[in-house]
Structures are given as structure tokens and as C-alpha cells.
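*Asks:* One structure, pasted below without further comment.
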Amino acid sequence: MSSLKTAQSQQRTQTGPVLEVVGLHKQFGDLTALDGIDLTVNEGEVVAILGPSGSGKSTLVRCLDQLETINGGAIYLDGELLGFEQGKTLRPLTDAGVRAQRRRMSMVFQQFNLFPHWTVLRNVTEAPVAVHGVAPAQAKSHALDLLAKVGLSDKAKSYPLQLSGGQQQRVAIARAVAVEPRVLLFDEPTSALDPELIDEVLQTMKTLAATGRTMVVVTHEMEFAREVADRCIFMAEGNVIEDRPAEAFFRDPQTDRLRSFLARSMRANSDHGAGQTKETQQP
Ligand SMILES: Nc1ncnc2c1ncn2[C@@H]1O[C@H](COP(=O)(O)OP(=O)(O)O)[C@@H](O)[C@H]1O
Ligand SMILES: [Mg+2]
């Protein structure tokens, strides 16, 4: 367990990783969804998680966000153990303790999950005001600022169902950022979108990445991963098979598994006309 010792010795050091996952295990009954995942995410890093359907990508990010309880290993956020209290023995944290930790991360889901009966503005200001205690006026001006950054200044008073899927997802991204999370998690944020709406969301994420946000992104968008991610992780059957700088990941895969996955994905992407950035299509 030398890796666990390493993780513990890094607790509360300022220069340690933002997120550290050590030997993470997750079972669903007899099914091993995560089979000992090790992963480190440093400040400002964008890490893309790729892999076939069922390989454990969603389970991993859901464990990071404490939407799933874990069966082994440990997750540290800024050196703090998530989900457990570290006394003489390890005890599960209280619900309040878990909620406090969860406030420091945000997740963007495939299905947006906006509140349909609230305006766009309220969707973005609700958590800062109700959960983080930010003054309403301050939350509003921050939210309007974020909506401008995702290109939706004119939609603050609209309701989610009056927006396209791409616009809804950009609102969801603004909402996720509004709480100033230490880490932004994305689980296939463009998979529910019509192809012509994908690029506007990827562009928004690219802008976020460029401003130094720490991001963990589960995605099938190969061009995005190659262009925007610092590191790419390839998962299969609950294991990390490769974890390398993005450029090397795509240029020189180390395993046959990743090689054939990349070949299949590139083919699928070009079949669907994806993989081109919007700028290159504009006059
Ligand atoms: N709530 C659940 N109950 C039972 N099995 C689950 C549950 N969630 C995921 N699984 C299983 O865990 C494995 C990993 O799933 P998932 O993390 O969703 O994969 P991915 O996101 O890579 O497609 C799959 O075999 C899936 O069927
Ligand atoms: Mg998934």
C-alpha cells in the first residue's frame, strides 16, 4: 500500500494534486465496476476519460462526486479524504459532512438536469445563494457574467424548455461554474445533443479549459480530447489501461486495446461528420 502512504503524506500540502484516486473499487452486487483505479489530477489540468460503453467511466466520475458509495480505496480532494473521517478507524462521514465536501465539485450531466420551472438566471444563482450563502445581488451579477461567457446573455429570463439542447447544456455549464468548484466533472456532456449543437458546447468547454479550470471529462469526442485535454485516460472493464499526455495517447497508443478503440472511434466520428471544429466550418 505504498501508494496509499504517498497519498496520505501529501495531505494538506498546498502543492499536492487537486484530486487523487488511490485503488478505487466499486461493486454493484457481483459486478466489479471499478477494479482498483489510480488517478491524479493536478491544478488546472484537463483530463479526458475515454473507453467503451460499460467500462466504468460514469461510475468513476459518480464516485468522485460521491453519488456512489465506494467499496475500497480512497479519493482525496485537496488532500482531504472524501466520504470518510480519518480517526483511529475509518468512519463514513455524516450526510452533512458529505454535502459540505460535494459543494467543492460540480458535475455536468448528459441530460442537463436544469430545473424546468425556474428561469435560466435562477438555475444559475440557486446553488450559490441557497447552498453557499452568496448574497443574491452578487450571485446575480456573477451569473450574468457567466451567461455572457457561455454566449447566453439574452436568455437569462428564459425557461430551459424555451432553449435548444446546446443552449441548455451551456446553462448547465454556467451553473456548474457558478459555485467556483475546485473540480468540474463532465459525463458525456454532448452525447444527448443533435450533431449540429455539439460544437457550441465543446467550444464553451474549451474556453473554460483555457481559463485554467481543473476538469475531468468523460467524452466520446476524440478531437476535443486530443485538442483540449492535457492527459487522456483509457478505461476498459473497470481498469485504467492507459494514462498519458494527450498527444502521445493518440499518436502512440501502448496497447492493442487502445489502438483498436481509437481506430473504431475515429471511424465512427467521421461517419457522423463530427470531429470538425465550428470555426473551420464558418465563412
Ligand atoms: N446502478 C447500477 N447498478 C448496477 N450496475 C451498474 C450500475 N451502474 C453501472 N452499472 C454497471 O457498471 C458497469 C460500468 O458502468 P458505467 O460506469 O455506466 O460505464 P460507462 O459509463 O463507461 O458506460 C456496467 O457494467 C454497468 O452495467
Ligand atoms: Mg457512462
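How things are named: the first chain in the C-alpha cells is A, the next is B, and so on; residues count from 1 in each chain; ligands count from 1 in the order shown.
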Would you kindly return, as a PyMOL selection string, each protein, DNA or RNA residue with an atom no farther than 7 Å from any atom of A:Met107, considering only C-alpha atoms and excluding same-chain residues fewer than 4 positions away?

*Replies:* chain A and resi 176+184-186

*Asks:* With only C-alpha atoms and all ligand atoms counted, collect every polymer residue having an atom within 10 Å of ligand 1; state the result as a ChimeraX atom specification.

*Replies:* /A:26-34,49-63,68,187-188,218-219,235-238

*Asks:* Would you mind exporting N, CA and C atoms of the selected residues as a compact mmCIF listing (two decimals), in the first residue's frame?

*Replies:*
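Everything below was put into selection_18.txt:
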# COMPACT_ATOMS: atom_id res chain seq x y z
N LYS A 26 -15.30 -0.35 -6.87
CA LYS A 26 -16.75 -0.19 -6.79
C LYS A 26 -17.43 -1.46 -7.31
N GLN A 27 -18.28 -2.01 -6.47
CA GLN A 27 -19.06 -3.20 -6.84
C GLN A 27 -20.52 -2.81 -7.01
N PHE A 28 -21.19 -3.42 -7.96
CA PHE A 28 -22.66 -3.43 -7.98
C PHE A 28 -23.05 -4.89 -7.83
N GLY A 29 -23.34 -5.33 -6.63
CA GLY A 29 -23.59 -6.75 -6.40
C GLY A 29 -22.34 -7.54 -6.76
N ASP A 30 -22.49 -8.51 -7.69
CA ASP A 30 -21.35 -9.33 -8.11
C ASP A 30 -20.48 -8.64 -9.14
N LEU A 31 -21.00 -7.55 -9.69
CA LEU A 31 -20.29 -6.90 -10.79
C LEU A 31 -19.25 -5.91 -10.28
N THR A 32 -18.01 -6.11 -10.72
CA THR A 32 -16.96 -5.15 -10.36
C THR A 32 -16.93 -4.05 -11.40
N ALA A 33 -17.42 -2.87 -11.02
CA ALA A 33 -17.48 -1.75 -11.98
C ALA A 33 -16.15 -1.00 -12.03
N LEU A 34 -15.49 -0.87 -10.87
CA LEU A 34 -14.15 -0.25 -10.81
C LEU A 34 -13.23 -1.19 -10.05
N ILE A 49 -11.51 11.22 -20.09
CA ILE A 49 -11.65 9.79 -19.82
C ILE A 49 -12.40 9.16 -20.99
N LEU A 50 -11.73 8.23 -21.63
CA LEU A 50 -12.28 7.57 -22.81
C LEU A 50 -12.38 6.08 -22.53
N GLY A 51 -13.25 5.42 -23.28
CA GLY A 51 -13.34 3.97 -23.13
C GLY A 51 -14.67 3.49 -23.63
N PRO A 52 -14.77 2.17 -23.91
CA PRO A 52 -16.02 1.63 -24.43
C PRO A 52 -17.15 1.74 -23.42
N SER A 53 -18.36 1.62 -23.92
CA SER A 53 -19.54 1.63 -23.07
C SER A 53 -19.43 0.51 -22.03
N GLY A 54 -19.76 0.82 -20.79
CA GLY A 54 -19.72 -0.18 -19.73
C GLY A 54 -18.36 -0.33 -19.07
N SER A 55 -17.38 0.49 -19.45
CA SER A 55 -16.04 0.33 -18.90
C SER A 55 -15.87 0.95 -17.51
N GLY A 56 -16.89 1.72 -17.06
CA GLY A 56 -16.83 2.26 -15.70
C GLY A 56 -16.61 3.76 -15.63
N LYS A 57 -16.68 4.44 -16.77
CA LYS A 57 -16.39 5.89 -16.81
C LYS A 57 -17.37 6.69 -15.95
N SER A 58 -18.67 6.42 -16.16
CA SER A 58 -19.67 7.15 -15.36
C SER A 58 -19.54 6.80 -13.89
N THR A 59 -19.33 5.54 -13.62
CA THR A 59 -19.21 5.12 -12.22
C THR A 59 -18.04 5.86 -11.56
N LEU A 60 -16.95 6.00 -12.28
CA LEU A 60 -15.79 6.70 -11.73
C LEU A 60 -16.14 8.15 -11.38
N VAL A 61 -16.71 8.89 -12.32
CA VAL A 61 -16.99 10.31 -12.01
C VAL A 61 -18.10 10.42 -10.96
N ARG A 62 -19.03 9.47 -10.95
CA ARG A 62 -20.07 9.49 -9.91
C ARG A 62 -19.47 9.22 -8.53
N CYS A 63 -18.46 8.35 -8.48
CA CYS A 63 -17.76 8.12 -7.20
C CYS A 63 -17.01 9.39 -6.78
N GLU A 68 -22.05 7.84 -5.64
CA GLU A 68 -21.98 6.42 -5.34
C GLU A 68 -21.08 6.24 -4.12
N ASP A 187 -19.89 14.29 -17.56
CA ASP A 187 -20.15 12.91 -18.01
C ASP A 187 -20.86 12.95 -19.36
N GLU A 188 -20.10 12.80 -20.40
CA GLU A 188 -20.62 12.83 -21.78
C GLU A 188 -21.57 14.00 -22.01
N VAL A 218 -15.53 12.93 -19.16
CA VAL A 218 -15.83 11.69 -19.87
C VAL A 218 -16.42 12.09 -21.21
N THR A 219 -15.82 11.61 -22.29
CA THR A 219 -16.30 12.05 -23.61
C THR A 219 -16.00 11.02 -24.69
N MET A 235 -10.06 3.65 -20.28
CA MET A 235 -10.57 2.64 -19.35
C MET A 235 -11.17 1.47 -20.10
N ALA A 236 -11.04 0.28 -19.52
CA ALA A 236 -11.73 -0.90 -20.02
C ALA A 236 -12.00 -1.80 -18.83
N GLU A 237 -13.21 -2.30 -18.74
CA GLU A 237 -13.60 -3.24 -17.68
C GLU A 237 -13.17 -2.80 -16.29
N GLY A 238 -13.39 -1.53 -16.00
CA GLY A 238 -13.15 -1.05 -14.65
C GLY A 238 -11.70 -0.79 -14.30

*Asks:* Give me, please, the distance in Å between atom CA of A:Gly87 and atom CA of A:Ala100, quoted to one decimal.

*Replies:* 18.5 Å

*Asks:* Taking the DSSP assignment computed from this structure's backbone, write out as a PyMOL selection string all residues of stretch 33-275 of chain A that belong to strand (DSSP E).

*Replies:* chain A and resi 33-41+46-50+72-77+80-81+84-86+90-92+105-108+183-187+215-218+231-236+239-245

*Asks:* Hey, which of A:Val124, A:Leu262, A:Val183, A:Gln110 ends up closest to ligand 2? Count only C-alpha atoms and all ligand atoms.

*Replies:* A:Gln110

*Asks:* Restricting the calculation to only C-alpha atoms and all ligand atoms, which member of A:Leu208, A:Met215, A:Ala192, A:Leu146 is positioned closest to ligand 2?

*Replies:* A:Ala192

*Asks:* A:Lys206: which residues within 9 Å, counting only C-alpha atoms, same-chain residues fewer than 6 positions away excluded, as a PyMOL selection string?

*Replies:* chain A and resi 224+227-228

*Asks:* Keeping only all heavy atoms, write the selected residues to a file as a compact mmCIF listing (two decimals), in the first residue's frame.

*Replies:*
# COMPACT_ATOMS: atom_id res chain seq x y z
N PHE A 224 -11.90 16.72 -29.51
CA PHE A 224 -11.90 17.56 -28.31
C PHE A 224 -10.82 17.05 -27.34
O PHE A 224 -10.01 17.82 -26.82
CB PHE A 224 -13.27 17.54 -27.65
CG PHE A 224 -13.31 18.26 -26.33
CD1 PHE A 224 -13.47 19.63 -26.29
CD2 PHE A 224 -13.19 17.56 -25.14
CE1 PHE A 224 -13.49 20.31 -25.07
CE2 PHE A 224 -13.21 18.22 -23.92
CZ PHE A 224 -13.36 19.60 -23.89
N GLU A 227 -7.35 17.81 -28.64
CA GLU A 227 -7.03 19.24 -28.70
C GLU A 227 -6.97 19.89 -27.33
O GLU A 227 -6.14 20.75 -27.07
CB GLU A 227 -8.15 19.94 -29.47
CG GLU A 227 -7.75 20.67 -30.72
CD GLU A 227 -8.93 21.47 -31.22
OE1 GLU A 227 -9.77 20.91 -31.95
OE2 GLU A 227 -9.03 22.65 -30.83
N VAL A 228 -7.91 19.53 -26.46
CA VAL A 228 -8.12 20.31 -25.24
C VAL A 228 -7.53 19.64 -23.99
O VAL A 228 -7.06 20.31 -23.08
CB VAL A 228 -9.63 20.59 -25.03
CG1 VAL A 228 -9.88 21.37 -23.75
CG2 VAL A 228 -10.20 21.35 -26.23

*Asks:* Can you list, as a PyMOL selection string, every protein, DNA or RNA residue that comes within 9 Å of A:Gln254 when you count only C-alpha atoms, leaving out same-chain residues fewer than 5 positions away?

*Replies:* chain A and resi 242+249+259
